[in-house]
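K.L.:
Supplied structure: entry05.cif, mmCIF, C-alpha atoms.
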data_model
loop_
_atom_site.label_atom_id
_atom_site.label_comp_id
_atom_site.auth_asym_id
_atom_site.auth_seq_id
_atom_site.Cartn_x
_atom_site.Cartn_y
_atom_site.Cartn_z
CA LYS T 1 13.08 -11.71 9.66
CA ASN T 2 10.62 -9.73 7.57
CA GLU T 3 9.92 -10.98 4.07
CA VAL T 4 10.63 -7.51 2.67
CA GLU T 5 13.42 -5.45 4.18
CA GLN T 6 14.21 -1.83 3.39
CA SER T 7 17.22 0.31 4.13
CA PRO T 8 17.86 2.84 5.38
CA GLN T 9 14.94 3.41 7.75
CA ASN T 10 15.61 7.14 7.83
CA LEU T 11 17.44 9.28 5.32
CA THR T 12 18.21 12.99 5.39
CA ALA T 13 19.67 14.57 2.29
CA GLN T 14 20.56 18.01 1.02
CA GLU T 15 18.68 19.35 -1.95
CA GLY T 16 20.32 18.21 -5.16
CA GLU T 17 21.82 15.02 -3.76
CA PHE T 18 21.45 11.62 -5.40
CA ILE T 19 19.43 9.29 -3.19
CA THR T 20 19.27 5.50 -3.11
CA ILE T 21 16.79 3.40 -1.14
CA ASN T 22 17.28 -0.35 -1.07
CA CYS T 23 14.82 -3.21 -0.81
CA SER T 24 15.57 -6.90 -0.35
CA TYR T 25 13.02 -9.67 -0.31
CA SER T 26 13.23 -13.26 0.76
CA VAL T 27 10.14 -14.69 -0.91
CA GLY T 28 9.19 -15.38 -4.49
CA ILE T 29 7.41 -12.47 -6.03
CA SER T 30 5.75 -11.78 -9.34
CA ALA T 31 6.43 -8.05 -9.20
CA LEU T 32 7.84 -5.40 -6.92
CA HIS T 33 6.14 -2.09 -6.24
CA TRP T 34 7.61 1.18 -5.07
CA LEU T 35 5.12 3.44 -3.30
CA GLN T 36 5.32 6.98 -1.97
CA GLN T 37 3.33 8.03 1.08
CA HIS T 38 3.06 11.69 2.02
CA PRO T 39 2.07 13.04 5.46
CA GLY T 40 -1.67 12.49 5.80
CA GLY T 41 -1.40 9.00 4.44
CA GLY T 42 -2.20 9.16 0.74
CA ILE T 43 -0.20 6.63 -1.24
CA VAL T 44 0.99 6.99 -4.80
CA SER T 45 2.22 4.01 -6.77
CA LEU T 46 5.55 5.00 -8.33
CA PHE T 47 6.66 1.85 -10.10
CA MET T 48 5.75 -1.74 -10.64
CA LEU T 49 8.57 -3.82 -12.05
CA SER T 50 9.40 -7.47 -12.50
CA SER T 51 12.74 -7.08 -14.28
CA GLY T 52 15.31 -4.53 -15.34
CA LYS T 53 14.86 -0.83 -14.85
CA LYS T 54 12.16 1.82 -15.11
CA LYS T 55 12.51 5.59 -15.17
CA HIS T 56 9.97 8.32 -14.55
CA GLY T 57 11.28 11.85 -14.38
CA ARG T 58 13.92 12.01 -11.66
CA LEU T 59 12.99 8.59 -10.28
CA ILE T 60 14.65 5.36 -11.35
CA ALA T 61 13.80 1.88 -10.10
CA THR T 62 15.87 -1.22 -10.71
CA ILE T 63 15.41 -4.83 -9.78
CA ASN T 64 17.77 -7.81 -9.77
CA ILE T 65 15.66 -10.95 -9.67
CA GLN T 66 18.58 -13.32 -8.99
CA GLU T 67 19.74 -11.29 -6.02
CA LYS T 68 16.18 -10.52 -4.85
CA HIS T 69 17.04 -6.87 -4.56
CA SER T 70 15.57 -3.62 -5.83
CA SER T 71 16.68 0.00 -5.56
CA LEU T 72 14.87 3.29 -5.91
CA HIS T 73 17.04 6.22 -6.96
CA ILE T 74 16.12 9.89 -6.89
CA THR T 75 18.33 12.22 -8.89
CA ALA T 76 18.64 15.93 -8.08
CA SER T 77 16.55 15.53 -4.93
CA HIS T 78 14.17 18.30 -3.90
CA PRO T 79 12.38 19.08 -0.61
CA ARG T 80 9.08 18.06 -2.23
CA ASP T 81 10.51 14.51 -2.49
CA SER T 82 10.28 14.29 1.31
CA ALA T 83 7.96 11.38 2.03
CA VAL T 84 7.93 7.76 3.11
CA TYR T 85 9.00 5.38 0.37
CA ILE T 86 7.73 1.85 0.64
CA CYS T 87 8.65 -1.21 -1.37
CA ALA T 88 6.19 -4.07 -1.60
CA GLY T 89 6.46 -7.52 -3.09
CA ARG T 90 3.51 -8.96 -4.94
CA GLY T 91 3.09 -12.64 -4.19
CA GLU T 92 3.50 -15.27 -6.85
CA TYR T 93 0.13 -16.74 -5.93
CA GLY T 94 -2.65 -14.29 -5.35
CA ASN T 95 -2.33 -10.58 -5.54
CA LYS T 96 -1.61 -9.47 -2.01
CA LEU T 97 1.29 -7.13 -1.36
CA VAL T 98 3.85 -7.69 1.39
CA PHE T 99 5.27 -4.36 2.47
CA GLY T 100 8.61 -3.21 3.71
CA ALA T 101 8.64 -0.97 6.76
CA GLY T 102 9.30 2.12 4.68
CA THR T 103 12.11 4.66 4.41
CA ILE T 104 11.47 8.12 5.78
CA LEU T 105 13.17 10.59 3.46
CA ARG T 106 13.72 14.22 4.33
CA VAL T 107 15.32 16.52 1.80
CA LYS T 108 16.56 19.80 3.22
CA SER T 109 16.86 22.96 1.16
CA GLU K 1 -10.48 10.02 -14.81
CA ALA K 2 -11.54 9.73 -11.19
CA GLY K 3 -9.11 7.89 -8.94
CA VAL K 4 -9.90 5.45 -6.18
CA THR K 5 -12.26 7.20 -3.79
CA GLN K 6 -12.74 6.29 -0.17
CA SER K 7 -15.31 7.47 2.30
CA PRO K 8 -15.48 8.75 4.86
CA THR K 9 -12.14 10.49 5.20
CA HIS K 10 -12.27 10.34 8.96
CA LEU K 11 -14.41 8.22 11.25
CA ILE K 12 -14.62 8.24 15.03
CA LYS K 13 -16.31 5.34 16.76
CA THR K 14 -16.68 4.04 20.27
CA ARG K 15 -15.23 0.71 21.36
CA GLY K 16 -17.70 -2.06 20.65
CA GLN K 17 -19.42 -0.27 17.78
CA GLN K 18 -19.28 -1.22 14.12
CA ALA K 19 -17.53 0.77 11.41
CA THR K 20 -18.26 0.68 7.68
CA LEU K 21 -15.71 2.00 5.23
CA ARG K 22 -16.37 2.38 1.51
CA CYS K 23 -14.22 2.28 -1.59
CA SER K 24 -14.96 3.02 -5.23
CA PRO K 25 -12.33 1.70 -7.62
CA ILE K 26 -11.18 3.27 -10.82
CA SER K 27 -13.64 2.65 -13.63
CA GLY K 28 -12.82 -0.68 -15.27
CA HIS K 29 -10.92 -2.06 -12.29
CA THR K 30 -12.43 -5.26 -10.93
CA SER K 31 -10.03 -5.95 -8.07
CA VAL K 32 -10.20 -4.09 -4.76
CA TYR K 33 -7.73 -4.50 -1.93
CA TRP K 34 -7.94 -3.33 1.66
CA TYR K 35 -4.91 -2.56 3.80
CA GLN K 36 -4.49 -1.42 7.38
CA GLN K 37 -1.78 0.92 8.56
CA ALA K 38 -1.85 1.14 12.33
CA LEU K 39 0.13 3.86 14.08
CA GLY K 40 3.80 2.94 14.19
CA LEU K 41 3.24 -0.17 12.11
CA GLY K 42 3.65 -0.88 8.45
CA LEU K 43 0.96 -1.60 5.94
CA GLN K 44 -0.78 -4.92 6.42
CA PHE K 45 -2.89 -6.72 3.86
CA LEU K 46 -6.50 -7.18 4.93
CA LEU K 47 -8.70 -8.39 2.08
CA TRP K 48 -8.78 -8.79 -1.67
CA TYR K 49 -11.98 -8.85 -3.72
CA ASP K 50 -12.20 -9.57 -7.39
CA GLU K 51 -15.32 -9.97 -9.52
CA GLY K 52 -17.48 -9.90 -6.42
CA GLU K 53 -15.66 -12.70 -4.61
CA GLU K 54 -13.28 -12.65 -1.66
CA ARG K 55 -10.03 -13.99 -3.15
CA ASN K 56 -7.59 -13.67 -0.28
CA ARG K 57 -7.57 -12.65 3.33
CA GLY K 58 -4.83 -11.41 5.62
CA ASN K 59 -4.17 -12.44 9.18
CA PHE K 60 -7.06 -10.53 10.77
CA PRO K 61 -9.90 -11.77 12.99
CA PRO K 62 -13.33 -12.53 11.50
CA ARG K 63 -14.78 -9.27 12.80
CA PHE K 64 -13.01 -7.71 9.83
CA SER K 65 -15.18 -8.49 6.84
CA GLY K 66 -16.28 -6.93 3.63
CA ARG K 67 -17.95 -7.36 0.33
CA GLN K 68 -17.76 -6.23 -3.24
CA PHE K 69 -20.80 -5.03 -5.10
CA PRO K 70 -21.74 -5.67 -8.75
CA ASN K 71 -20.35 -2.24 -9.68
CA TYR K 72 -17.01 -3.38 -8.08
CA SER K 73 -17.20 -0.89 -5.24
CA SER K 74 -16.42 -2.40 -1.87
CA GLU K 75 -17.23 -2.08 1.81
CA LEU K 76 -15.03 -2.97 4.73
CA ASN K 77 -16.87 -3.69 7.95
CA VAL K 78 -15.21 -3.87 11.33
CA ASN K 79 -17.41 -5.22 14.09
CA ALA K 80 -16.93 -5.00 17.85
CA LEU K 81 -14.36 -2.26 17.47
CA GLU K 82 -11.30 -2.34 19.69
CA LEU K 83 -8.96 0.52 20.48
CA GLU K 84 -6.18 -1.10 18.46
CA ASP K 85 -8.34 -0.98 15.34
CA SER K 86 -7.52 2.72 15.19
CA ALA K 87 -5.60 3.02 11.94
CA LEU K 88 -5.51 4.34 8.43
CA TYR K 89 -7.40 2.00 6.13
CA LEU K 90 -6.32 2.15 2.54
CA CYS K 91 -8.12 0.78 -0.45
CA ALA K 92 -6.44 0.05 -3.77
CA SER K 93 -7.78 -1.17 -7.09
CA SER K 94 -6.30 -2.88 -10.11
CA LEU K 95 -7.52 -4.15 -13.44
CA GLY K 96 -7.86 -7.73 -12.28
CA ARG K 97 -6.05 -10.80 -11.10
CA GLY K 98 -3.05 -10.43 -13.36
CA ALA K 99 0.13 -8.52 -12.69
CA TYR K 100 -1.45 -5.10 -13.00
CA GLY K 101 -0.44 -1.95 -11.21
CA TYR K 102 -2.29 -0.66 -8.19
CA THR K 103 -3.91 2.69 -7.62
CA PHE K 104 -4.42 3.65 -4.01
CA GLY K 105 -7.10 5.78 -2.44
CA SER K 106 -6.36 8.44 0.15
CA GLY K 107 -7.58 6.31 2.99
CA THR K 108 -10.05 6.44 5.84
CA ARG K 109 -8.63 7.30 9.24
CA LEU K 110 -10.56 5.35 11.84
CA THR K 111 -10.25 6.39 15.46
CA VAL K 112 -11.74 4.17 18.15
CA VAL K 113 -12.24 5.83 21.51
#
Before anything else, please render the file you have as structure tokens.

P.N.:
Amino acid sequence: KNEVEQSPQNLTAQEGEFITINCSYSVGISALHWLQQHPGGGIVSLFMLSSGKKKHGRLIATINIQEKHSSLHITASHPRDSAVYICAGRGEYGNKLVFGAGTILRVKS
Amino acid sequence: EAGVTQSPTHLIKTRGQQATLRCSPISGHTSVYWYQQALGLGLQFLLWYDEGEERNRGNFPPRFSGRQFPNYSSELNVNALELEDSALYLCASSLGRGAYGYTFGSGTRLTVV
């Protein structure tokens, strides 16, 4: 079992839909990161959170420490949101990230 | 402000050769991380440098090595290249050893033929 699990693996949505990507982790972490990777490989860090909820534009990230679970929500999805979304746990000791396998999101117009 | 810059963007090497990848962190960031993303696989942690020292290492053979320079830029060296080393190598930087956010570079795509 991977230390960081994401679901779903693939997600296709219609433009305008509300999207949720889930991330569960089985190890202690000091923070959880949500990353976005576009075709070609470049990665953008969307959020880093260790408790509660963060919002940036149409993106919302939440984390429940007790349940070891985080969600990334996209409101009013748009084709330009199509990308791979990756959650990563930052270890309690040392700074290395442990990554989920990623969720491939495709938003159709 | 310049982001994390990696060079080269693409690199083609022959099996058995050595590859050197470079990373310049954001100004003021002292920590540099290297990750490998092989085709069909997820991101894997390779190395972490902070203040010129190797702080942590992932589960990779010793032919993967690197260093961090006094200006906090970093090199990743891969010796005796194997075909399965073909991957996207991503560098990230952060302010230091605390719980700071990461900024990723665009990566170097290494192809071993």

K.L.:
Could you name the residues that touch region 58-67 of chain T at 9 Å or less, counting only C-alpha atoms, but leaving out those on the same chain fewer than 6 positions away, as a PyMOL selection string?

P.N.:
chain T and resi 24-25+32+34+46-52+73-77

K.L.:
Using only C-alpha atoms, which residues sit within 12 Å of Arg97 (chain K) once same-chain residues fewer than 5 positions away are excluded, as a count of residues only?

P.N.:
21

K.L.:
As an exercise, work out the distance from CA of Ile104 (chain T) to CA of Glu5 (chain T) in Å and give it to one decimal place.

P.N.:
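Going from CA of Ile104 (chain T) over to CA of Glu5 (chain T) covers 13.8 Å.
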
K.L.:
Taking 2 positions as the minimum chain separation for residues in the same chain, which residues sit within 8 Å of Cys91 (chain K) when counting all atoms listed in the file? Answer as a PyMOL selection string.

P.N.:
chain K and resi 4+6+23+32-35+89+93+104-107

K.L.:
Using all atoms listed in the file for the distances, tell me which of K:Ser94, K:Asn79, K:Gln18, K:Ser73 is nearest to chain T.

P.N.:
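Smallest separation from chain T among the options: K:Ser94.
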
K.L.:
Select, as a list in words, those residues of chain T with any atom no more than 8 Å from chain K (distances computed using all atoms listed in the file).

P.N.:
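Therefore, the residues near the partner are Ser30, Ala31, Gly41, Gly42, Ile43, Val44, Ser45, Met48, Gly94, Asn95, Lys96, Leu97, Val98, Phe99, Gly100, Ala101 and Gly102 of chain T.
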
K.L.:
CA of Ala19 (chain K) and CA of Ser74 (chain K), how far apart in Å?

P.N.:
13.7 Å

K.L.:
The PyMOL selection byres ((chain K and resi 113) around 6) - which residues does that actually catch in the file I just gave you? List them as a ChimeraX atom specification.

P.N.:
/K:14-15,112

K.L.:
Mind pulling up the distance from CA of Lys55 (chain T) to CA of Gln6 (chain T)?

P.N.:
20.1 Å

K.L.:
T:Val4, T:Thr103, T:His69, T:Asn10: which is nearest Val27 (chain T), counting only C-alpha atoms?

P.N.:
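Under the stated criterion, the closest residue is T:Val4.
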
K.L.:
Please write the residues picked by the PyMOL selection byres ((chain K and resi 61) around 12) on this file as JSON, numbers by chain.

P.N.:
{"K": [46, 47, 57, 58, 59, 60, 62, 63, 64, 65, 77, 78, 79, 80, 81, 82, 85]}

K.L.:
Measuring between all atoms listed in the file, which one of T:Lys68, T:Lys53, T:His38, T:His33 shows the shortest distance to Arg106 (chain T)?

P.N.:
T:His38

K.L.:
Nearest to Ser71 (chain T) among T:Ile86, T:Val107, T:Cys23, T:Ile29, with distances taken over only C-alpha atoms: which residue is it?

P.N.:
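Closest to Ser71 (chain T) of all the choices is T:Cys23.
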
K.L.:
Please write out, as AutoDock Vina command-line options, where the centre of an axis-aligned box around all listed atoms of region 42-48 of chain K lies and how long its edges are, in Å to one decimal, after adding 8 Å on each side.

P.N.:
--center_x -2.6 --center_y -4.8 --center_z 3.4 --size_x 28.4 --size_y 23.9 --size_z 26.1

K.L.:
Hey, what comes out of the PyMOL selection byres ((chain T and resi 13) around 8) on this file? Could you write it as a list in words?

P.N.:
Leu11, Thr12, Gln14, Glu15, Glu17, Ile19, Ser77, Leu105, Arg106, Val107 and Lys108 of chain T

K.L.:
If we count only C-alpha atoms and set the cut-off at 9 Å, which residues sit around Gly28 (chain K), ignoring sequence neighbours fewer than 3 positions away in its own chain? Please answer as an MDAnalysis selection string.

P.N.:
chainID K and resid 25 72 94:95

K.L.:
For the selection you just gave me, I'd like the residues written to a file as a PDB file, in the frame of the given file, keeping C-alpha atoms.

P.N.:
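Contents of selection.pdb, freshly written:
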ATOM      1  CA  PRO K  25     -12.330   1.700  -7.620  1.00  0.00           C
ATOM      2  CA  TYR K  72     -17.010  -3.380  -8.080  1.00  0.00           C
ATOM      3  CA  SER K  94      -6.300  -2.880 -10.110  1.00  0.00           C
ATOM      4  CA  LEU K  95      -7.520  -4.150 -13.440  1.00  0.00           C
TER       5      LEU K  95
END

K.L.:
Under the rule that only C-alpha atoms are counted, which of K:Asn71, K:Ser7, K:Thr111, K:Ser86 is the nearest residue to Ile26 (chain K)?

P.N.:
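Under the stated criterion, the closest residue is K:Asn71.
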